[in-house]
Amino acid sequence: MKKVLIGFSLLLSIVVVGWIYLTYRFQESYSTQEKIGVSYMTLNNEFYQMVNSEIEKAVALSGDKLYLRDPALNIDKQVQQIEYFMDEKMDAIILNPVQSDHALLLKTLKRAKKQGIKLIVVDNQLSDSSVADSTIQSDNYQAGLLLSQELKRQKSSANILVLEHPNVLSTKERLRGFKDGLGDDKGYHIISEQNGLGQTEVSMPLVSKVMKEGVIFDTIMAINDRSAIGALAAVKKSGKSDVGIYSVDGSPDIKELLATESLVKASVYQSPMTMGEKAIATTYNLLNGKSVDKDIKVGVGLVTRTNLDHYPVGWQ
C-alpha cells in the first residue's frame with residue numbers, strides 16, 4: 001500500500017508540474033499573440049474577399065488573431081468598428097475606408113494611433129495622409145489613363161456616362177486619370193457623372209433611370225467591375241446595342257464577359273492578392289519595429305478581348 005501511495009504521489013507531482021509548465025507556455029504564447037482588426041467598406045465584393053484571404057492566411061500562419069468586420073458601406077458602422085478595435089486593444093488595424101474624408105472617422109483613427117495602434121490603409125486613401133502608417137493601393141491614376149487611351153484607340157469620339165463613387169479617393173484618382181487621358185480632345189464628352197457606389201445593384205437601376213430621362217450616351221466608364229456589370233444589365237434590358245463599357249478590376253466575371261459580350265470593351269486589372277500580401281507584410285513590419293514605405297503602389301494593366309489569353313481566368 002505504501003508503494004502505491006508513493007507511486008500515486010509521484011504521478012500526481014508529474015501531472016501538476018506538467019500542468020504548470022503547459023499553462024505557463026500557453027499564457028506566454030497568448031500574451032505575445034498579435035491582434036489585428038480589419039474593416040473593409042463592404043464584403044459584398046469578391047475583390048475584398050480576395051484581399052482578406054491573403055491577410056487571413058498570413059495571420060493564421062503566425063498564430064495571431066484576426067478580427068474581420070463589414071460596415072456594408074455605412075460610415076457610422078465603420079467608426080463603431082474602429083472604436084471596438086480600440087476597446088479590444090488591437091495591435092494593428094487594416095482599413096479600407098468607406099469615406100476618405102469623414103471627419104469622425106479621421107478623429108477616431110487619430111485616437112487609435114495615440115493608443116499605439118498601427119494603421120494600414122488598403123485599396124483607398126485617407127484625405128489626411130498623415131493618419132495612416134502606410135497606404136497600399138493600385139496605381140489608380142494609371143488605371144484611368146489606360147482606359148482613356150483604350151477608348152480613344154477604339155473610338156474616334158464618344159459621349160460618356162461615368163459611374164463614380166465620389167466618397168472614395170482611390171476611385172476619384174481613376175476618374176482624374178481618365179479625364180487627363182481624354183485631355184482637350186473635342187471628340188470625347190463626359191455628359192453625366194452618377195454615383196453608383198461601386199455596386200451592381202445600385203448601378204443597374206441608376207443607368208436605367210438615366211436612359212429613361214433621355215440622356216444620350218454611347219460609352220460608360222465605370223469605376224469598378226461591379227458597377228460595370230450593373231450597367232451592362234441595364235443597357236441590355238433597354239435593347240441598346242451601341243454602348244461600350246470600360247471599367248477597373250479585371251475580375252473573373254468581367255474577363256468572362258470580355259470573351260462573350262461585345263458591349264464590354266476593356267477592364268484594367270488590379271491584383272487583390274498582391275495588395276493583401278503587401279498589406280499584411282507591412283503590418284508585421286510595423287509591429288516588429290521596422291520602417292515601411294508610407295505609400296505603396298500596386299501595378300495595373302489593361303485587359304481587352306484581344307489580349308485576354310495572356311491573363312489567368314481568376315484574379316491577377
# chains A, B, ... in the order shown; residues from 1 in each chain; ligands from 1
$ select_by_dssp --residues "range 39-106 of chain A" --states "alpha helix (DSSP H)" --output "NGL selection string"
:A and (46-61 or 75-87 or 103-106)
$ closest_atom_pairs --of "range 137-179 of chain A" --to "range 296-303 of chain A" --cutoff "12 Å" --atoms "only C-alpha atoms" --output "CSV"
residue,atom,partner,partner_atom,distance
A:Gln137,CA,A:Lys297,CA,5.4
A:Ser138,CA,A:Val298,CA,4.4
A:Asp139,CA,A:Lys297,CA,5.5
A:Asn140,CA,A:Val300,CA,8.1
A:Tyr141,CA,A:Val300,CA,10.0
A:Gln142,CA,A:Val300,CA,7.4
A:Ala143,CA,A:Val300,CA,6.4
A:Gly144,CA,A:Leu302,CA,10.2
A:Leu145,CA,A:Leu302,CA,10.2
A:Leu146,CA,A:Leu302,CA,6.6
A:Leu147,CA,A:Leu302,CA,7.6
A:Ser148,CA,A:Leu302,CA,10.9
A:Gln149,CA,A:Leu302,CA,10.1
A:Glu150,CA,A:Leu302,CA,8.4
A:Leu151,CA,A:Leu302,CA,11.5
A:Ser170,CA,A:Lys297,CA,11.4
A:Arg174,CA,A:Val300,CA,11.6
$ residues_around --residues "Asp295 in chain A" --least-positions-apart "3" --cutoff "9 Å" --atoms "only C-alpha atoms" --output "JSON, numbers by chain"
{"A": [133, 134, 135, 136, 137, 292]}
$ write_last_selection --atoms "C-alpha atoms" --output "PDB file, in the first residue's frame"
ATOM      1  CA  ASP A 133       1.334  54.490 -41.127  1.00  0.00           C
ATOM      2  CA  SER A 134       1.172  53.080 -44.642  1.00  0.00           C
ATOM      3  CA  THR A 135      -1.262  53.145 -47.579  1.00  0.00           C
ATOM      4  CA  ILE A 136      -1.347  50.261 -50.068  1.00  0.00           C
ATOM      5  CA  GLN A 137      -3.370  50.694 -53.256  1.00  0.00           C
ATOM      6  CA  VAL A 292       7.923  50.821 -44.037  1.00  0.00           C
TER       7      VAL A 292
END
$ closest_atom_pairs --of "range 20-95 of chain A" --to "range 188-201 of chain A" --cutoff "9 Å" --atoms "only C-alpha atoms" --output "tab-separated table"
residue	atom	partner	partner_atom	distance
A:Asn44	CA	A:Gln199	CA	8.4
A:Asn45	CA	A:Gln199	CA	8.2
A:Leu73	CA	A:Leu197	CA	8.6
$ closest_residue --among "A:Thr42, A:Ile254, A:Thr260, A:Gly37" --to "Glu56 in chain A" --atoms "only C-alpha atoms"
A:Gly37
